[in-house]
file query.pdb (PDB, C-alpha atoms)
MODEL        1
ATOM      1  CA  MET A   1     -18.407   1.231 -13.914
ATOM      2  CA  ALA A   2     -21.845   2.563 -13.157
ATOM      3  CA  GLY A   3     -22.524   5.949 -14.655
ATOM      4  CA  CYS A   4     -19.721   5.895 -17.199
ATOM      5  CA  CYS A   5     -21.997   5.729 -20.209
ATOM      6  CA  ASP A   6     -24.255   8.687 -19.636
ATOM      7  CA  ALA A   7     -23.100  11.918 -21.246
ATOM      8  CA  ARG A   8     -21.574  13.328 -18.054
ATOM      9  CA  GLY A   9     -20.152  10.010 -16.849
ATOM     10  CA  CYS A  10     -18.260   9.233 -20.029
ATOM     11  CA  ASP A  11     -16.420  12.500 -19.946
ATOM     12  CA  ARG A  12     -15.555  12.067 -16.269
ATOM     13  CA  VAL A  13     -14.312   8.491 -16.541
ATOM     14  CA  PHE A  14     -12.975   8.431 -20.107
ATOM     15  CA  GLY A  15     -11.601  11.933 -20.444
ATOM     16  CA  ALA A  16      -8.618  13.490 -22.171
ATOM     17  CA  ARG A  17      -6.254  12.461 -19.363
ATOM     18  CA  PHE A  18      -7.263   8.816 -19.723
ATOM     19  CA  ALA A  19      -6.888   9.080 -23.521
ATOM     20  CA  ARG A  20      -3.341  10.457 -23.148
ATOM     21  CA  HIS A  21      -2.479   7.563 -20.836
ATOM     22  CA  VAL A  22      -3.826   4.941 -23.275
ATOM     23  CA  ALA A  23      -2.051   6.527 -26.257
ATOM     24  CA  LYS A  24       1.239   6.759 -24.363
ATOM     25  CA  ARG A  25       0.997   3.105 -23.336
ATOM     26  CA  TYR A  26       0.238   2.050 -26.924
ATOM     27  CA  ARG A  27       3.185   4.037 -28.286
ATOM     28  CA  LYS A  28       5.505   2.407 -25.753
ATOM     29  CA  ARG A  29       4.201  -1.171 -25.640
ATOM     30  CA  GLY A  30       1.850  -1.683 -28.583
ATOM     31  CA  LEU A  31      -1.379  -3.584 -28.158
ATOM     32  CA  ASP A  32      -2.214  -5.341 -24.931
ATOM     33  CA  ARG A  33      -2.822  -9.095 -25.043
ATOM     34  CA  PRO A  34      -6.649  -9.013 -25.435
ATOM     35  CA  SER A  35      -6.383  -6.432 -28.221
ATOM     36  CA  ARG A  36      -3.737  -8.529 -30.007
ATOM     37  CA  ARG A  37      -6.060 -11.535 -29.824
ATOM     38  CA  ILE A  38      -8.859  -9.508 -31.428
ATOM     39  CA  VAL A  39      -6.568  -8.287 -34.201
ATOM     40  CA  ASP A  40      -5.134 -11.759 -34.807
ATOM     41  CA  TRP A  41      -8.623 -13.275 -34.985
ATOM     42  CA  LEU A  42      -9.808 -10.668 -37.473
ATOM     43  CA  VAL A  43      -6.711 -11.115 -39.613
ATOM     44  CA  ALA A  44      -7.401 -14.869 -39.663
ATOM     45  CA  GLN A  45     -10.976 -14.147 -40.783
ATOM     46  CA  GLY A  46      -9.704 -12.157 -43.738
ATOM     47  CA  VAL A  47      -9.638  -8.486 -42.763
ATOM     48  CA  ALA A  48      -7.655  -7.533 -45.890
ATOM     49  CA  GLY A  49      -9.744  -5.082 -47.903
ATOM     50  CA  ALA A  50     -12.497  -5.092 -45.276
ATOM     51  CA  THR A  51     -14.225  -2.305 -43.395
ATOM     52  CA  VAL A  52     -14.242  -2.334 -39.597
ATOM     53  CA  LEU A  53     -16.565  -0.511 -37.212
ATOM     54  CA  GLU A  54     -15.283  -0.306 -33.663
ATOM     55  CA  VAL A  55     -17.825   0.649 -31.025
ATOM     56  CA  GLY A  56     -16.040   2.452 -28.220
ATOM     57  CA  GLY A  57     -12.621   2.204 -29.835
ATOM     58  CA  GLY A  58     -10.988   4.894 -27.702
ATOM     59  CA  VAL A  59      -7.775   6.160 -29.281
ATOM     60  CA  GLY A  60      -8.090   3.623 -32.097
ATOM     61  CA  GLU A  61      -5.159   1.310 -31.442
ATOM     62  CA  ILE A  62      -7.024  -1.803 -32.664
ATOM     63  CA  GLN A  63      -8.072   0.063 -35.787
ATOM     64  CA  LEU A  64      -4.508   1.198 -36.465
ATOM     65  CA  GLU A  65      -3.253  -2.364 -36.269
ATOM     66  CA  LEU A  66      -6.043  -3.641 -38.523
ATOM     67  CA  LEU A  67      -5.238  -0.985 -41.113
ATOM     68  CA  ARG A  68      -1.571  -1.996 -40.964
ATOM     69  CA  ARG A  69      -2.678  -5.555 -41.645
ATOM     70  CA  GLY A  70      -4.725  -4.690 -44.695
ATOM     71  CA  ALA A  71      -8.147  -3.419 -43.622
ATOM     72  CA  ALA A  72      -9.464  -0.899 -46.140
ATOM     73  CA  ARG A  73     -10.940   1.559 -43.652
ATOM     74  CA  THR A  74     -12.217   1.844 -40.102
ATOM     75  CA  THR A  75     -14.851   3.807 -38.249
ATOM     76  CA  ASN A  76     -14.735   4.476 -34.526
ATOM     77  CA  LEU A  77     -18.030   5.197 -32.807
ATOM     78  CA  GLU A  78     -17.683   6.947 -29.449
ATOM     79  CA  LEU A  79     -19.902   8.433 -26.774
ATOM     80  CA  SER A  80     -17.214  10.896 -25.679
ATOM     81  CA  PRO A  81     -15.108  13.274 -27.801
ATOM     82  CA  ALA A  82     -12.281  13.104 -25.253
ATOM     83  CA  TYR A  83     -10.301  10.565 -27.304
ATOM     84  CA  ASP A  84     -10.315  12.543 -30.546
ATOM     85  CA  ALA A  85      -7.065  14.496 -30.106
ATOM     86  CA  GLU A  86      -4.979  11.456 -29.167
ATOM     87  CA  ALA A  87      -6.653   9.280 -31.797
ATOM     88  CA  GLY A  88      -5.926  11.889 -34.455
ATOM     89  CA  ALA A  89      -2.298  12.119 -33.393
ATOM     90  CA  LEU A  90      -1.834   8.328 -33.471
ATOM     91  CA  ALA A  91      -3.493   8.082 -36.895
ATOM     92  CA  ALA A  92      -1.303  10.867 -38.265
ATOM     93  CA  GLU A  93       1.843   9.207 -36.881
ATOM     94  CA  ALA A  94       0.827   5.915 -38.498
ATOM     95  CA  GLY A  95      -0.119   7.539 -41.815
ATOM     96  CA  THR A  96      -3.647   6.116 -41.623
ATOM     97  CA  ALA A  97      -5.735   9.219 -40.886
ATOM     98  CA  ASP A  98      -7.290   9.196 -44.353
ATOM     99  CA  ARG A  99      -8.685   5.693 -43.769
ATOM    100  CA  MET A 100     -10.036   6.283 -40.261
ATOM    101  CA  THR A 101     -13.356   7.943 -39.479
ATOM    102  CA  ARG A 102     -14.464   9.010 -36.002
ATOM    103  CA  ARG A 103     -18.078   9.634 -35.064
ATOM    104  CA  LEU A 104     -19.927  10.522 -31.898
ATOM    105  CA  GLY A 105     -23.100   8.595 -31.261
ATOM    106  CA  ASP A 106     -24.804   5.670 -29.629
ATOM    107  CA  ILE A 107     -25.457   2.826 -32.046
ATOM    108  CA  ALA A 108     -27.917   1.201 -29.639
ATOM    109  CA  VAL A 109     -30.073   4.322 -29.612
ATOM    110  CA  ASP A 110     -29.580   5.451 -33.207
ATOM    111  CA  GLY A 111     -28.699   2.761 -35.722
ATOM    112  CA  GLU A 112     -28.304   5.420 -38.419
ATOM    113  CA  VAL A 113     -25.170   6.785 -36.738
ATOM    114  CA  ALA A 114     -23.039   4.272 -38.679
ATOM    115  CA  GLU A 115     -23.467   2.279 -41.845
ATOM    116  CA  PRO A 116     -22.907  -1.497 -41.906
ATOM    117  CA  HIS A 117     -19.275  -2.644 -42.034
ATOM    118  CA  ASP A 118     -17.721  -6.018 -42.756
ATOM    119  CA  PHE A 119     -16.700  -6.468 -39.126
ATOM    120  CA  VAL A 120     -17.791  -4.850 -35.874
ATOM    121  CA  VAL A 121     -15.427  -4.802 -32.893
ATOM    122  CA  MET A 122     -16.516  -4.200 -29.322
ATOM    123  CA  HIS A 123     -13.683  -4.371 -26.827
ATOM    124  CA  ARG A 124     -14.167  -3.065 -23.293
ATOM    125  CA  VAL A 125     -17.346  -1.238 -24.227
ATOM    126  CA  VAL A 126     -19.851  -3.862 -23.170
ATOM    127  CA  CYS A 127     -18.776  -3.754 -19.528
ATOM    128  CA  CYS A 128     -20.291  -0.388 -18.765
ATOM    129  CA  TYR A 129     -23.106   0.008 -21.263
ATOM    130  CA  PRO A 130     -26.457   0.164 -19.422
ATOM    131  CA  ASP A 131     -28.340  -2.047 -21.929
ATOM    132  CA  VAL A 132     -25.875  -4.680 -23.134
ATOM    133  CA  GLU A 133     -28.415  -6.712 -25.111
ATOM    134  CA  ARG A 134     -29.499  -3.668 -27.084
ATOM    135  CA  LEU A 135     -25.885  -2.690 -27.772
ATOM    136  CA  VAL A 136     -24.873  -6.147 -28.962
ATOM    137  CA  ALA A 137     -27.995  -6.473 -31.141
ATOM    138  CA  ALA A 138     -27.330  -3.095 -32.753
ATOM    139  CA  ALA A 139     -23.694  -4.040 -33.395
ATOM    140  CA  ALA A 140     -24.736  -7.360 -34.928
ATOM    141  CA  ASP A 141     -27.150  -5.515 -37.220
ATOM    142  CA  HIS A 142     -24.188  -3.507 -38.542
ATOM    143  CA  ALA A 143     -21.897  -6.487 -39.215
ATOM    144  CA  LYS A 144     -21.868  -7.906 -42.718
ATOM    145  CA  ARG A 145     -19.329 -10.645 -41.953
ATOM    146  CA  GLY A 146     -18.652 -10.839 -38.221
ATOM    147  CA  VAL A 147     -18.839  -9.313 -34.756
TER     148      VAL A 147
ENDMDL
END
call {"tool": "encode", "arguments": {"input": "query.pdb", "output": "structure tokens"}}
result
Amino acid sequence: MAGCCDARGCDRVFGARFARHVAKRYRKRGLDRPSRRIVDWLVAQGVAGATVLEVGGGVGEIQLELLRRGAARTTNLELSPAYDAEAGALAAEAGTADRMTRRLGDIAVDGEVAEPHDFVVMHRVVCCYPDVERLVAAAADHAKRGV
């Protein structure tokens, strides 16, 4: 997905229409298989009471499921604001809005955009980021327990 991670590309590829589609699919079917595997793995690691930073978490479906399974709070770090409306609606429906934070920023460029969390999740964000090594290193620097 070349060009999806610059400021203009993110909004074109991952816009409000895409966010509505993802949220609708989650409401109807729940997590997809790879997302369930991530959630199950984190639960097995002991996510209860933990903080989770998700880089590129979209509408926040992984975060919602982790909060339902005992995570204390989550932070979603995005390059595009296009997901915010759907993410807010899903969080409100789930009753988790007070434990979910959303921020705009690029952790690989500005490590100060998010504080360290117990776990850092990166699902489907690595595929299009122009400097994968820098992104993964920055995420690892923010993980107290696991990435």
call {"tool": "resolve_selection", "arguments": {"input": "query.pdb", "expression": "the PyMOL selection byres ((chain A and resi 69) around 8)", "output": "ChimeraX atom specification"}}
result
/A:43,47-48,65-68,70-71
call {"tool": "atom_distance", "arguments": {"input": "query.pdb", "atom1": "atom CA of A:Ile62", "atom2": "atom CA of A:Gly146"}}
result
15.7 Å
call {"tool": "resolve_selection", "arguments": {"input": "query.pdb", "expression": "the PyMOL selection byres ((chain A and resi 86) around 10)", "output": "list of chain:residue names"}}
result
A:Ala16, A:Arg17, A:Ala19, A:Arg20, A:His21, A:Val22, A:Ala23, A:Lys24, A:Gly58, A:Val59, A:Gly60, A:Ala82, A:Tyr83, A:Asp84, A:Ala85, A:Ala87, A:Gly88, A:Ala89, A:Leu90, A:Ala91, A:Ala92
call {"tool": "residues_near_point", "arguments": {"input": "query.pdb", "point": "(-5.1, -11.6, -33.3)", "cutoff": "12 Å", "atoms": "only C-alpha atoms", "output": "PyMOL selection string"}}
result
chain A and resi 31-47+62+65-66+69
call {"tool": "closest_residue", "arguments": {"input": "query.pdb", "among": "A:Leu64, A:Ala94, A:Leu104, A:Val121", "to": "A:His142", "atoms": "all atoms listed in the file"}}
result
A:Val121
call {"tool": "resolve_selection", "arguments": {"input": "query.pdb", "expression": "the PyMOL selection byres ((chain A and resi 112) around 12)", "output": "list in words"}}
result
Leu77, Arg103, Leu104, Gly105, Asp106, Ile107, Ala108, Val109, Asp110, Gly111, Val113, Ala114, Glu115, Pro116, Ala138, Ala139, Asp141 and His142 of chain A
call {"tool": "closest_residue", "arguments": {"input": "query.pdb", "among": "A:Thr96, A:Glu54, A:Val120, A:Glu61", "to": "A:Glu78", "atoms": "all atoms listed in the file"}}
result
A:Glu54
call {"tool": "atom_distance", "arguments": {"input": "query.pdb", "atom1": "atom CA of A:Arg145", "atom2": "atom CA of A:Gly49"}}
result
12.6 Å
call {"tool": "atom_distance", "arguments": {"input": "query.pdb", "atom1": "atom CA of A:Phe119", "atom2": "atom CA of A:Lys28"}}
result
27.4 Å
call {"tool": "closest_residue", "arguments": {"input": "query.pdb", "among": "A:Leu79, A:Ala72, A:Ala97, A:Leu53", "to": "A:Tyr129", "atoms": "all atoms listed in the file"}}
result
A:Leu79
call {"tool": "closest_residue", "arguments": {"input": "query.pdb", "among": "A:His117, A:Arg99, A:Arg27, A:Arg73", "to": "A:Lys144", "atoms": "only C-alpha atoms"}}
result
A:His117
call {"tool": "closest_residue", "arguments": {"input": "query.pdb", "among": "A:Arg102, A:Glu93, A:Arg124, A:Gln63", "to": "A:Asn76", "atoms": "only C-alpha atoms"}}
result
A:Arg102
call {"tool": "axis_aligned_box", "arguments": {"input": "query.pdb", "around": "stretch 66-71 of chain A", "padding_each_side": "6 Å", "output": "JSON"}}
result
{"center_x": -4.9, "center_y": -3.3, "center_z": -41.6, "size_x": 18.6, "size_y": 16.6, "size_z": 18.2}
